[in-house]
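Source file: my_file.cif (mmCIF, C-alpha atoms; chains and numbers go by the auth columns)
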```
data_run
#
loop_
_atom_site.group_PDB
_atom_site.id
_atom_site.type_symbol
_atom_site.label_atom_id
_atom_site.label_comp_id
_atom_site.label_asym_id
_atom_site.label_seq_id
_atom_site.Cartn_x
_atom_site.Cartn_y
_atom_site.Cartn_z
_atom_site.B_iso_or_equiv
_atom_site.auth_seq_id
_atom_site.auth_asym_id
ATOM 1 C CA MET A 1 13.205 -2.595 -17.056 0.00 1 A
ATOM 2 C CA ASP A 2 13.538 -4.506 -20.333 0.00 2 A
ATOM 3 C CA PRO A 3 17.001 -4.572 -21.968 0.00 3 A
ATOM 4 C CA TRP A 4 15.668 -3.301 -25.303 0.00 4 A
ATOM 5 C CA LEU A 5 14.267 -0.223 -23.570 0.00 5 A
ATOM 6 C CA ILE A 6 17.636 0.455 -21.932 0.00 6 A
ATOM 7 C CA TRP A 7 19.327 0.231 -25.341 0.00 7 A
ATOM 8 C CA LEU A 8 16.754 2.674 -26.771 0.00 8 A
ATOM 9 C CA ILE A 9 17.468 5.127 -23.970 0.00 9 A
ATOM 10 C CA VAL A 10 21.215 4.793 -24.590 0.00 10 A
ATOM 11 C CA ALA A 11 20.611 5.389 -28.309 0.00 11 A
ATOM 12 C CA ALA A 12 18.531 8.491 -27.585 0.00 12 A
ATOM 13 C CA VAL A 13 21.091 9.931 -25.157 0.00 13 A
ATOM 14 C CA LEU A 14 23.908 9.377 -27.658 0.00 14 A
ATOM 15 C CA ALA A 15 21.846 10.924 -30.463 0.00 15 A
ATOM 16 C CA VAL A 16 21.177 14.041 -28.397 0.00 16 A
ATOM 17 C CA ALA A 17 24.853 14.255 -27.473 0.00 17 A
ATOM 18 C CA GLU A 18 25.720 13.982 -31.183 0.00 18 A
ATOM 19 C CA ILE A 19 23.486 16.936 -31.958 0.00 19 A
ATOM 20 C CA PHE A 20 25.536 19.081 -29.589 0.00 20 A
ATOM 21 C CA THR A 21 29.007 17.802 -30.583 0.00 21 A
ATOM 22 C CA LEU A 22 28.645 17.141 -34.342 0.00 22 A
ATOM 23 C CA THR A 23 31.528 14.661 -34.341 0.00 23 A
ATOM 24 C CA ALA A 24 29.690 11.802 -36.095 0.00 24 A
ATOM 25 C CA ALA A 25 31.211 9.370 -33.559 0.00 25 A
ATOM 26 C CA LEU A 26 28.352 9.581 -31.087 0.00 26 A
ATOM 27 C CA GLY A 27 25.872 9.268 -33.936 0.00 27 A
ATOM 28 C CA MET A 28 27.478 6.002 -35.007 0.00 28 A
ATOM 29 C CA LEU A 29 27.397 4.721 -31.429 0.00 29 A
ATOM 30 C CA SER A 30 23.743 5.755 -31.222 0.00 30 A
ATOM 31 C CA ALA A 31 22.934 3.795 -34.369 0.00 31 A
ATOM 32 C CA ALA A 32 24.734 0.748 -32.953 0.00 32 A
ATOM 33 C CA ALA A 33 22.696 1.027 -29.747 0.00 33 A
ATOM 34 C CA LEU A 34 19.493 1.294 -31.768 0.00 34 A
ATOM 35 C CA VAL A 35 20.267 -1.905 -33.691 0.00 35 A
ATOM 36 C CA THR A 36 21.248 -3.578 -30.430 0.00 36 A
ATOM 37 C CA ALA A 37 17.822 -2.635 -29.049 0.00 37 A
ATOM 38 C CA GLY A 38 16.382 -4.738 -31.860 0.00 38 A
ATOM 39 C CA VAL A 39 18.695 -7.614 -30.944 0.00 39 A
ATOM 40 C CA ALA A 40 17.522 -7.320 -27.326 0.00 40 A
ATOM 41 C CA ALA A 41 13.871 -7.168 -28.376 0.00 41 A
ATOM 42 C CA VAL A 42 14.266 -10.517 -30.120 0.00 42 A
ATOM 43 C CA GLY A 43 15.252 -11.945 -26.740 0.00 43 A
ATOM 44 C CA LEU A 44 18.892 -12.808 -27.298 0.00 44 A
ATOM 45 C CA PRO A 45 21.088 -13.070 -24.188 0.00 45 A
ATOM 46 C CA LEU A 46 22.903 -10.088 -22.721 0.00 46 A
ATOM 47 C CA TRP A 47 26.347 -11.252 -23.879 0.00 47 A
ATOM 48 C CA VAL A 48 25.082 -11.416 -27.485 0.00 48 A
ATOM 49 C CA GLN A 49 23.737 -7.873 -27.135 0.00 49 A
ATOM 50 C CA PHE A 50 27.128 -6.595 -25.967 0.00 50 A
ATOM 51 C CA VAL A 51 28.947 -8.442 -28.761 0.00 51 A
ATOM 52 C CA ALA A 52 26.490 -7.028 -31.316 0.00 52 A
ATOM 53 C CA TYR A 53 26.914 -3.513 -29.926 0.00 53 A
ATOM 54 C CA ALA A 54 30.706 -3.767 -29.891 0.00 54 A
ATOM 55 C CA ALA A 55 30.836 -5.159 -33.423 0.00 55 A
ATOM 56 C CA LEU A 56 28.439 -2.563 -34.840 0.00 56 A
ATOM 57 C CA ALA A 57 30.187 0.283 -33.032 0.00 57 A
ATOM 58 C CA ALA A 58 33.610 -0.843 -34.247 0.00 58 A
ATOM 59 C CA VAL A 59 32.495 -1.274 -37.849 0.00 59 A
ATOM 60 C CA SER A 60 30.693 2.058 -37.951 0.00 60 A
ATOM 61 C CA LEU A 61 33.524 3.985 -36.288 0.00 61 A
ATOM 62 C CA LEU A 62 36.250 2.375 -38.383 0.00 62 A
ATOM 63 C CA PHE A 63 34.553 2.329 -41.776 0.00 63 A
ATOM 64 C CA VAL A 64 31.387 4.433 -41.988 0.00 64 A
ATOM 65 C CA ARG A 65 32.530 7.502 -40.008 0.00 65 A
ATOM 66 C CA PRO A 66 35.656 8.174 -42.143 0.00 66 A
ATOM 67 C CA LEU A 67 33.541 7.987 -45.304 0.00 67 A
ATOM 68 C CA ALA A 68 30.946 10.351 -43.853 0.00 68 A
ATOM 69 C CA LEU A 69 33.569 12.855 -42.717 0.00 69 A
ATOM 70 C CA ALA A 70 35.333 12.739 -46.079 0.00 70 A
ATOM 71 C CA HIS A 71 32.035 13.471 -47.773 0.00 71 A
ATOM 72 C CA LEU A 72 31.346 16.428 -45.471 0.00 72 A
ATOM 73 C CA ARG A 73 34.819 17.917 -45.907 0.00 73 A
ATOM 74 C CA ARG A 74 34.733 17.965 -49.700 0.00 74 A
ATOM 75 C CA PRO A 75 34.869 21.506 -51.018 0.00 75 A
ATOM 76 C CA GLN A 76 31.903 22.827 -52.928 0.00 76 A
ATOM 77 C CA ARG A 77 32.581 22.163 -56.601 0.00 77 A
ATOM 78 C CA THR A 78 31.068 25.235 -58.149 0.00 78 A
ATOM 79 C CA ARG A 79 29.734 28.506 -56.937 0.00 79 A
ATOM 80 C CA PHE A 80 26.416 29.626 -58.352 0.00 80 A
ATOM 81 C CA GLY A 81 24.106 32.592 -58.164 0.00 81 A
ATOM 82 C CA VAL A 82 25.577 35.845 -56.925 0.00 82 A
ATOM 83 C CA ASP A 83 28.377 33.941 -55.166 0.00 83 A
ATOM 84 C CA ALA A 84 29.766 33.074 -58.600 0.00 84 A
ATOM 85 C CA LEU A 85 30.203 36.784 -59.388 0.00 85 A
ATOM 86 C CA VAL A 86 32.569 37.452 -56.487 0.00 86 A
ATOM 87 C CA GLY A 87 36.111 37.759 -57.798 0.00 87 A
ATOM 88 C CA LYS A 88 35.076 38.384 -61.399 0.00 88 A
ATOM 89 C CA PRO A 89 36.213 41.411 -63.351 0.00 89 A
ATOM 90 C CA ALA A 90 33.710 44.137 -64.194 0.00 90 A
ATOM 91 C CA GLN A 91 33.757 47.167 -66.471 0.00 91 A
ATOM 92 C CA VAL A 92 32.713 50.514 -64.987 0.00 92 A
ATOM 93 C CA LEU A 93 29.908 52.112 -67.051 0.00 93 A
ATOM 94 C CA THR A 94 29.204 55.197 -64.936 0.00 94 A
ATOM 95 C CA ALA A 95 31.439 56.620 -62.231 0.00 95 A
ATOM 96 C CA VAL A 96 31.401 54.396 -59.155 0.00 96 A
ATOM 97 C CA SER A 97 31.648 56.034 -55.754 0.00 97 A
ATOM 98 C CA GLY A 98 30.787 55.034 -52.221 0.00 98 A
ATOM 99 C CA THR A 99 27.119 55.804 -52.918 0.00 99 A
ATOM 100 C CA ASP A 100 26.326 54.926 -56.551 0.00 100 A
ATOM 101 C CA GLY A 101 27.536 53.820 -59.968 0.00 101 A
ATOM 102 C CA ARG A 102 27.013 51.114 -62.610 0.00 102 A
ATOM 103 C CA VAL A 103 29.187 48.256 -63.829 0.00 103 A
ATOM 104 C CA ARG A 104 28.895 45.456 -66.382 0.00 104 A
ATOM 105 C CA ILE A 105 29.592 41.947 -65.031 0.00 105 A
ATOM 106 C CA ASP A 106 29.466 39.079 -67.545 0.00 106 A
ATOM 107 C CA GLY A 107 27.295 41.133 -69.890 0.00 107 A
ATOM 108 C CA GLU A 108 24.818 42.187 -67.196 0.00 108 A
ATOM 109 C CA GLU A 109 24.481 45.699 -65.851 0.00 109 A
ATOM 110 C CA TRP A 110 24.645 46.050 -62.060 0.00 110 A
ATOM 111 C CA THR A 111 24.431 48.925 -59.635 0.00 111 A
ATOM 112 C CA ALA A 112 27.741 49.314 -57.882 0.00 112 A
ATOM 113 C CA ARG A 113 29.495 50.964 -54.973 0.00 113 A
ATOM 114 C CA SER A 114 33.161 51.375 -54.323 0.00 114 A
ATOM 115 C CA TYR A 115 34.633 49.200 -51.565 0.00 115 A
ATOM 116 C CA ASP A 116 36.585 52.245 -50.416 0.00 116 A
ATOM 117 C CA GLU A 117 33.872 54.851 -49.860 0.00 117 A
ATOM 118 C CA THR A 118 36.310 57.736 -50.483 0.00 118 A
ATOM 119 C CA LEU A 119 37.340 56.367 -53.884 0.00 119 A
ATOM 120 C CA VAL A 120 35.670 57.427 -57.162 0.00 120 A
ATOM 121 C CA ILE A 121 36.292 55.013 -60.053 0.00 121 A
ATOM 122 C CA SER A 122 35.990 56.500 -63.536 0.00 122 A
ATOM 123 C CA PRO A 123 34.089 54.902 -66.462 0.00 123 A
ATOM 124 C CA GLY A 124 36.080 52.406 -68.527 0.00 124 A
ATOM 125 C CA THR A 125 38.093 51.148 -65.563 0.00 125 A
ATOM 126 C CA THR A 126 38.293 47.416 -64.915 0.00 126 A
ATOM 127 C CA VAL A 127 37.380 46.513 -61.365 0.00 127 A
ATOM 128 C CA ASP A 128 37.098 43.330 -59.318 0.00 128 A
ATOM 129 C CA VAL A 129 33.851 42.355 -57.635 0.00 129 A
ATOM 130 C CA ILE A 130 34.590 42.075 -53.909 0.00 130 A
ATOM 131 C CA GLU A 131 31.077 41.103 -52.803 0.00 131 A
ATOM 132 C CA ILE A 132 27.434 41.334 -53.770 0.00 132 A
ATOM 133 C CA SER A 133 25.143 43.127 -51.337 0.00 133 A
ATOM 134 C CA GLY A 134 21.544 42.689 -52.405 0.00 134 A
ATOM 135 C CA ALA A 135 21.485 43.872 -56.029 0.00 135 A
ATOM 136 C CA THR A 136 24.623 46.001 -55.690 0.00 136 A
ATOM 137 C CA ALA A 137 28.145 44.944 -56.573 0.00 137 A
ATOM 138 C CA ILE A 138 30.855 46.162 -54.210 0.00 138 A
ATOM 139 C CA VAL A 139 33.916 46.717 -56.392 0.00 139 A
ATOM 140 C CA TYR A 140 37.563 47.729 -56.144 0.00 140 A
ATOM 141 C CA PRO A 141 39.824 48.826 -59.021 0.00 141 A
ATOM 142 C CA ARG A 142 42.467 46.463 -60.310 0.00 142 A
ATOM 143 C CA ASP A 143 46.062 47.551 -59.782 0.00 143 A
#
```
Reformat the file's structure so that it appears as structure tokens.
Amino acid sequence: MDPWLIWLIVAAVLAVAEIFTLTAALGMLSAAALVTAGVAAVGLPLWVQFVAYAALAAVSLLFVRPLALAHLRRPQRTRFGVDALVGKPAQVLTAVSGTDGRVRIDGEEWTARSYDETLVISPGTTVDVIEISGATAIVYPRD
């Protein structure tokens, strides 16, 4: 079997393993094996292939992987859509109970339900939006 084909198989096995582990380390090793397959396809000796693989693996694990992980771990900068409404204050327009009601959130009128189904919140009360379920705001009164 040709060396370049062996390196391709190693790259494929590592890539599949990366899919199941999601560590980014096996993905970097897979990429190094893929490049080494190219080195082998050119016809360079086996020792050059191993040196190329070791060098590429070391560089990718020491430099590229930390950058990739730092990028993935960054918190989302802003919330948008209905996610941005969670935690905002709202003004009760009509009595809010466990089954119906209306509130005003950022100038928009929303149907609402009380987070505590036994609680009835009177009009004029300021509430916090706990979550958005479909087109209905789930709210709870401020203390």
What's around Ala52 of chain A at 10 Å? Count only C-alpha atoms, leave out sequence neighbours fewer than 6 positions away in its own chain, and write the answer as a list in words.
Ala32, Ala33, Val35, Thr36, Ala37, Val39, Ala40, Leu46 and Ala58 of chain A
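Contact shell of Pro3 of chain A at 12 Å (all atoms listed in the file; same-chain neighbours under 3 positions omitted): Ile6, Trp7, Leu8, Ile9, Val10, Ala33, Leu34, Thr36, Ala37, Gly38, Val39, Ala40, Ala41, Val42, Gly43, Leu44, Pro45, Leu46, Trp47, Val48, Gln49 and Phe50 of chain A.
The spacing separating atom CA of Arg142 of chain A from atom CA of Tyr115 of chain A amounts to 12.1 Å.
Going from atom CA of Gly107 of chain A to atom CA of Val127 of chain A covers 14.3 Å.
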First collect every listed atom of segment 111-126 of chain A; then fit an axis-aligned box around them, widen it by 4 Å on each side, and give centre and edge lengths in Å to one decimal, as AutoDock Vina command-line options.
```
--center_x 31.4 --center_y 52.6 --center_z -59.2 --size_x 21.9 --size_y 18.3 --size_z 26.7
```
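Excluding Pro141 of chain A itself and any same-chain residue fewer than 2 positions from it, the protein and nucleic acid residues within 8 Å of it, counting all atoms listed in the file, are Ile121, Thr125, Thr126, Val127, Asp128, Val139 and Asp143 of chain A.
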Include C-alpha atoms and write out the residues we just selected as a compact mmCIF listing (two decimals), keeping the file's coordinate frame.
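Output file selection06.txt is given in full below:
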```txt
# COMPACT_ATOMS: atom_id res chain seq x y z
CA ILE A 121 36.29 55.01 -60.05
CA THR A 125 38.09 51.15 -65.56
CA THR A 126 38.29 47.42 -64.92
CA VAL A 127 37.38 46.51 -61.36
CA ASP A 128 37.10 43.33 -59.32
CA VAL A 139 33.92 46.72 -56.39
CA ASP A 143 46.06 47.55 -59.78
```
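When the PyMOL selection byres ((chain A and resi 138) around 6) is evaluated on the file shown here, the picked residues come out as A:Ala112, A:Arg113, A:Ser114, A:Tyr115, A:Val129, A:Ile130, A:Glu131, A:Ile132, A:Ala137, A:Val139.
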Residues of the last selection are to be written out with C-alpha atoms, as an mmCIF file, in the frame of the given file.
```cif
data_model
loop_
_atom_site.group_PDB
_atom_site.id
_atom_site.type_symbol
_atom_site.label_atom_id
_atom_site.label_comp_id
_atom_site.auth_asym_id
_atom_site.auth_seq_id
_atom_site.Cartn_x
_atom_site.Cartn_y
_atom_site.Cartn_z
ATOM 1 C CA ALA A 112 27.741 49.314 -57.882
ATOM 2 C CA ARG A 113 29.495 50.964 -54.973
ATOM 3 C CA SER A 114 33.161 51.375 -54.323
ATOM 4 C CA TYR A 115 34.633 49.200 -51.565
ATOM 5 C CA VAL A 129 33.851 42.355 -57.635
ATOM 6 C CA ILE A 130 34.590 42.075 -53.909
ATOM 7 C CA GLU A 131 31.077 41.103 -52.803
ATOM 8 C CA ILE A 132 27.434 41.334 -53.770
ATOM 9 C CA ALA A 137 28.145 44.944 -56.573
ATOM 10 C CA VAL A 139 33.916 46.717 -56.392
#
```
Quick one: residues within 8 Å of Ser97 of chain A, all atoms listed in the file counted, chain neighbours fewer than 2 positions away excluded, as a list in words?
Ala95, Thr99, Asp100, Gly101, Arg113, Ser114, Glu117, Thr118, Leu119, Val120 and Ile121 of chain A
Per residue of segment 66-139 of chain A within 12 Å of segment 18-22 of chain A, which atom pair is closest and at what distance in Å (one decimal), using all atoms listed in the file, listed by chain and increasing number, as JSON lines?
```
{"residue": "A:Ala68", "atom": "CA", "partner": "A:Leu22", "partner_atom": "CA", "distance": 11.9}
{"residue": "A:Leu69", "atom": "CA", "partner": "A:Leu22", "partner_atom": "CA", "distance": 10.6}
{"residue": "A:Leu72", "atom": "CA", "partner": "A:Leu22", "partner_atom": "CA", "distance": 11.5}
```
